[in-house]
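Participant: I have a structure I would like to understand better, so I am pasting it below and will then ask my questions one at a time.
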Amino acid sequence: NSTTSNILEKQEGISTITMNRVTPPLIKCCIRRRPVSASTSISLLQSSPETNISPPFQHRKFSGKAHQGAKRKIRAPKPKRRLEQKRIPPMLSATASPHVFVAKTALDESIDPSLLFSDGQTIPPMLANGTFQYLSPKKDLNFQYPSHGIPEVAFLGRSNVGKSSLINAVMRKNLCVTSKHPGRTQLPHFMALYPNSQEPEERVPANASGLIIDLPGYGYAAAPKEAVEAWQSDTQDLLLDRLDKGVLQRLFLLMDARRDDFAEMDRTVLGWLEDAQIPYSVVLTKTDRTTKPKVIKLVNELCMRYSSQSALEDGLAFQSPIVHTTSSKRKWGIHELMLSLEAEFSQEDGED
């Protein structure tokens, strides 16, 4: 019995020594299942000379001049780019309106481009004191083209260029049908401008101040190929007929400003208008969906084209030197387009 007790005492002593030397105090507490706080565990670790475990929650303190009184450098914000006169390409000139440009080759010393379209913030008197009305092909026109000698302007453009929305913005009335599907307009539509002073029974095509023609779009359209070719041929016949009658004052050709370059179909239409000797002006649409430099690039190309055409024809070009940039959604350039529209309605027969 004495021998057995001695052996047990020696084994207990060895186990105690082994536990003290191997097991850290934190593990002992865990083995004993005692709840220990964080401060207690840190003090136990620091008071144990047998352990080489570094105490947690000790942050290193930075020293040195790099961290003493260091201040972050604040850079001044870069100035925003603005379209200044010196940044405008040499082939065009800015006007009083930021949405209208004119080719420099069409200007002389007597014309100050900074004074052009200075009234672009207001609606012209003819349109402000008038209202547009849709002409029914059966009731108002008897399925014939108007034959009263009223000045006319036509709007033409590629399908999905925003033609109907732009015409509605100019008329300040939703008379043209708009759609997300290209090629919705398949027949020409006539809208007449009547003075507000006229009585309803006096508003007949013969008493109109001017007519707007909404022409079917060219290019892609949601219709059969035979129908597309048919109404494009009808559009050309209509324009030639109105030109021969002397009532078509100008055609406004709409182009999408989001494109990096003009489509092949647009260039084909430009060439056809030149051959047919139809006066036209180019209007860029949807300028709110692209950047200003891209718009200026397209305007500069149009002004270069005007310069080359006027040089070939000895100063006579059917393209107008004025280029409109518009946005039906933001109402950019709408009043300026109204000014051009009023100028065409105010012309007498035979006047350029």
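Order determines the names: the first chain of the structure tokens is A, the second B, and so forth; residues in each chain are numbered 1 upward, and ligands are numbered 1 upward as they are shown.
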Could you find all residues in region 93-177 of chain A that DSSP calls alpha helix (DSSP H) from the backbone, and write them as a list in words?
Facilitator: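 Here are the alpha helix (DSSP H) residues of region 93-177 of chain A: Pro125, Met126, Leu127, Ala128, Lys163, Ser164, Ser165, Leu166, Ile167, Asn168, Ala169, Val170 and Met171 of chain A.
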Participant: With C-alpha atoms kept, could you save the residues just selected as a short mmCIF file (atom, residue, chain, number, x, y, z; two decimals), in the first residue's frame?
Facilitator:
```cif
data_model
loop_
_atom_site.label_atom_id
_atom_site.label_comp_id
_atom_site.auth_asym_id
_atom_site.auth_seq_id
_atom_site.Cartn_x
_atom_site.Cartn_y
_atom_site.Cartn_z
CA PRO A 125 -45.46 86.06 -82.85
CA MET A 126 -47.01 84.11 -85.73
CA LEU A 127 -46.80 80.82 -83.82
CA ALA A 128 -47.55 82.37 -80.42
CA LYS A 163 -39.58 63.39 -86.33
CA SER A 164 -43.11 63.20 -84.93
CA SER A 165 -41.96 64.25 -81.45
CA LEU A 166 -40.08 67.24 -82.87
CA ILE A 167 -43.07 68.40 -84.93
CA ASN A 168 -45.33 68.12 -81.89
CA ALA A 169 -42.86 70.23 -79.89
CA VAL A 170 -42.86 72.91 -82.59
CA MET A 171 -46.67 72.94 -82.85
#
```
Participant: Fewer than 2 positions away in the same chain doesn't count, so skip those; otherwise give me all residues within 12 Å of Phe132 (chain A), counting only C-alpha atoms, as a PyMOL selection string.
Facilitator: chain A and resi 126-130+134-135+167-176+190-196+203-205+208-213
Participant: With N, CA and C atoms retained, write the just-selected residues as an mmCIF file, in the first residue's frame.
Facilitator:
```
data_model
loop_
_atom_site.group_PDB
_atom_site.id
_atom_site.type_symbol
_atom_site.label_atom_id
_atom_site.label_comp_id
_atom_site.auth_asym_id
_atom_site.auth_seq_id
_atom_site.Cartn_x
_atom_site.Cartn_y
_atom_site.Cartn_z
ATOM 1 N N MET A 126 -46.064 84.840 -84.888
ATOM 2 C CA MET A 126 -47.006 84.106 -85.733
ATOM 3 C C MET A 126 -47.429 82.793 -85.098
ATOM 4 N N LEU A 127 -46.483 82.094 -84.462
ATOM 5 C CA LEU A 127 -46.797 80.821 -83.817
ATOM 6 C C LEU A 127 -47.401 81.030 -82.436
ATOM 7 N N ALA A 128 -46.994 82.108 -81.754
ATOM 8 C CA ALA A 128 -47.550 82.371 -80.424
ATOM 9 C C ALA A 128 -49.016 82.764 -80.506
ATOM 10 N N ASN A 129 -49.391 83.469 -81.586
ATOM 11 C CA ASN A 129 -50.767 83.927 -81.752
ATOM 12 C C ASN A 129 -51.553 83.047 -82.722
ATOM 13 N N GLY A 130 -51.107 81.832 -82.916
ATOM 14 C CA GLY A 130 -51.799 80.922 -83.812
ATOM 15 C C GLY A 130 -51.894 79.530 -83.219
ATOM 16 N N TYR A 134 -55.003 69.691 -87.570
ATOM 17 C CA TYR A 134 -54.787 68.600 -88.512
ATOM 18 C C TYR A 134 -55.824 68.668 -89.629
ATOM 19 N N LEU A 135 -55.356 68.495 -90.870
ATOM 20 C CA LEU A 135 -56.237 68.516 -92.036
ATOM 21 C C LEU A 135 -56.601 67.089 -92.412
ATOM 22 N N ILE A 167 -41.983 67.605 -84.362
ATOM 23 C CA ILE A 167 -43.071 68.402 -84.933
ATOM 24 C C ILE A 167 -44.090 68.759 -83.859
ATOM 25 N N ASN A 168 -44.392 67.821 -82.983
ATOM 26 C CA ASN A 168 -45.328 68.118 -81.885
ATOM 27 C C ASN A 168 -44.775 69.206 -80.971
ATOM 28 N N ALA A 169 -43.460 69.188 -80.731
ATOM 29 C CA ALA A 169 -42.862 70.226 -79.889
ATOM 30 C C ALA A 169 -42.937 71.590 -80.555
ATOM 31 N N VAL A 170 -42.768 71.632 -81.875
ATOM 32 C CA VAL A 170 -42.858 72.908 -82.592
ATOM 33 C C VAL A 170 -44.293 73.423 -82.599
ATOM 34 N N MET A 171 -45.259 72.531 -82.811
ATOM 35 C CA MET A 171 -46.666 72.942 -82.846
ATOM 36 C C MET A 171 -47.253 73.160 -81.457
ATOM 37 N N ARG A 172 -46.576 72.630 -80.426
ATOM 38 C CA ARG A 172 -47.079 72.683 -79.049
ATOM 39 C C ARG A 172 -48.416 71.945 -78.923
ATOM 40 N N LYS A 173 -48.612 70.989 -79.781
ATOM 41 C CA LYS A 173 -49.801 70.138 -79.766
ATOM 42 C C LYS A 173 -49.402 68.755 -80.279
ATOM 43 N N ASN A 174 -49.993 67.731 -79.697
ATOM 44 C CA ASN A 174 -49.683 66.362 -80.096
ATOM 45 C C ASN A 174 -50.611 65.932 -81.228
ATOM 46 N N LEU A 175 -50.327 66.451 -82.427
ATOM 47 C CA LEU A 175 -51.113 66.100 -83.606
ATOM 48 C C LEU A 175 -50.509 64.942 -84.376
ATOM 49 N N CYS A 176 -49.197 64.744 -84.230
ATOM 50 C CA CYS A 176 -48.523 63.644 -84.920
ATOM 51 C C CYS A 176 -48.466 62.429 -84.002
ATOM 52 N N PHE A 190 -50.875 66.649 -93.292
ATOM 53 C CA PHE A 190 -50.817 68.102 -93.392
ATOM 54 C C PHE A 190 -51.404 68.699 -92.121
ATOM 55 N N MET A 191 -50.664 69.679 -91.557
ATOM 56 C CA MET A 191 -51.116 70.467 -90.410
ATOM 57 C C MET A 191 -51.109 71.937 -90.798
ATOM 58 N N ALA A 192 -52.234 72.631 -90.561
ATOM 59 C CA ALA A 192 -52.389 74.031 -90.954
ATOM 60 C C ALA A 192 -52.285 74.935 -89.740
ATOM 61 N N LEU A 193 -51.648 76.085 -89.938
ATOM 62 C CA LEU A 193 -51.520 77.097 -88.889
ATOM 63 C C LEU A 193 -52.568 78.181 -89.132
ATOM 64 N N TYR A 194 -53.450 78.375 -88.147
ATOM 65 C CA TYR A 194 -54.503 79.380 -88.242
ATOM 66 C C TYR A 194 -54.296 80.435 -87.154
ATOM 67 N N PRO A 195 -54.548 81.710 -87.479
ATOM 68 C CA PRO A 195 -54.489 82.741 -86.427
ATOM 69 C C PRO A 195 -55.588 82.529 -85.392
ATOM 70 N N ASN A 196 -55.277 82.875 -84.164
ATOM 71 C CA ASN A 196 -56.276 82.726 -83.101
ATOM 72 C C ASN A 196 -57.460 83.662 -83.267
ATOM 73 N N ARG A 203 -61.744 78.598 -90.381
ATOM 74 C CA ARG A 203 -60.480 77.850 -90.436
ATOM 75 C C ARG A 203 -60.576 76.751 -91.494
ATOM 76 N N VAL A 204 -60.310 77.179 -92.698
ATOM 77 C CA VAL A 204 -60.255 76.282 -93.850
ATOM 78 C C VAL A 204 -58.859 76.394 -94.441
ATOM 79 N N PRO A 205 -58.409 75.405 -95.232
ATOM 80 C CA PRO A 205 -57.040 75.452 -95.776
ATOM 81 C C PRO A 205 -56.716 76.734 -96.540
ATOM 82 N N ALA A 208 -55.293 79.493 -94.144
ATOM 83 C CA ALA A 208 -54.175 79.146 -93.264
ATOM 84 C C ALA A 208 -52.977 80.055 -93.519
ATOM 85 N N SER A 209 -52.181 80.256 -92.465
ATOM 86 C CA SER A 209 -50.952 81.053 -92.602
ATOM 87 C C SER A 209 -49.803 80.232 -93.138
ATOM 88 N N GLY A 210 -49.851 78.930 -92.938
ATOM 89 C CA GLY A 210 -48.798 78.035 -93.424
ATOM 90 C C GLY A 210 -49.177 76.594 -93.174
ATOM 91 N N LEU A 211 -48.492 75.694 -93.853
ATOM 92 C CA LEU A 211 -48.761 74.265 -93.738
ATOM 93 C C LEU A 211 -47.475 73.514 -93.399
ATOM 94 N N ILE A 212 -47.597 72.546 -92.504
ATOM 95 C CA ILE A 212 -46.500 71.628 -92.178
ATOM 96 C C ILE A 212 -46.857 70.262 -92.756
ATOM 97 N N ILE A 213 -45.898 69.660 -93.460
ATOM 98 C CA ILE A 213 -46.100 68.331 -94.036
ATOM 99 C C ILE A 213 -45.231 67.346 -93.260
#
```
Participant: Please report the interatomic distance between CA of Thr235 (chain A) and CA of Phe155 (chain A) in Å with one decimal.
Facilitator: 11.1 Å
Participant: Mind giving me the straight-line distance from CA of Gly162 (chain A) to CA of Leu298 (chain A) in Å, one decimal?
Facilitator: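 These two atoms are separated by 17.5 Å.
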Participant: With distances taken over only C-alpha atoms, which of A:Ser281, A:Asn207, A:Ser308, A:Ser159 is nearest to Met91 (chain A)?
Facilitator: A:Ser308
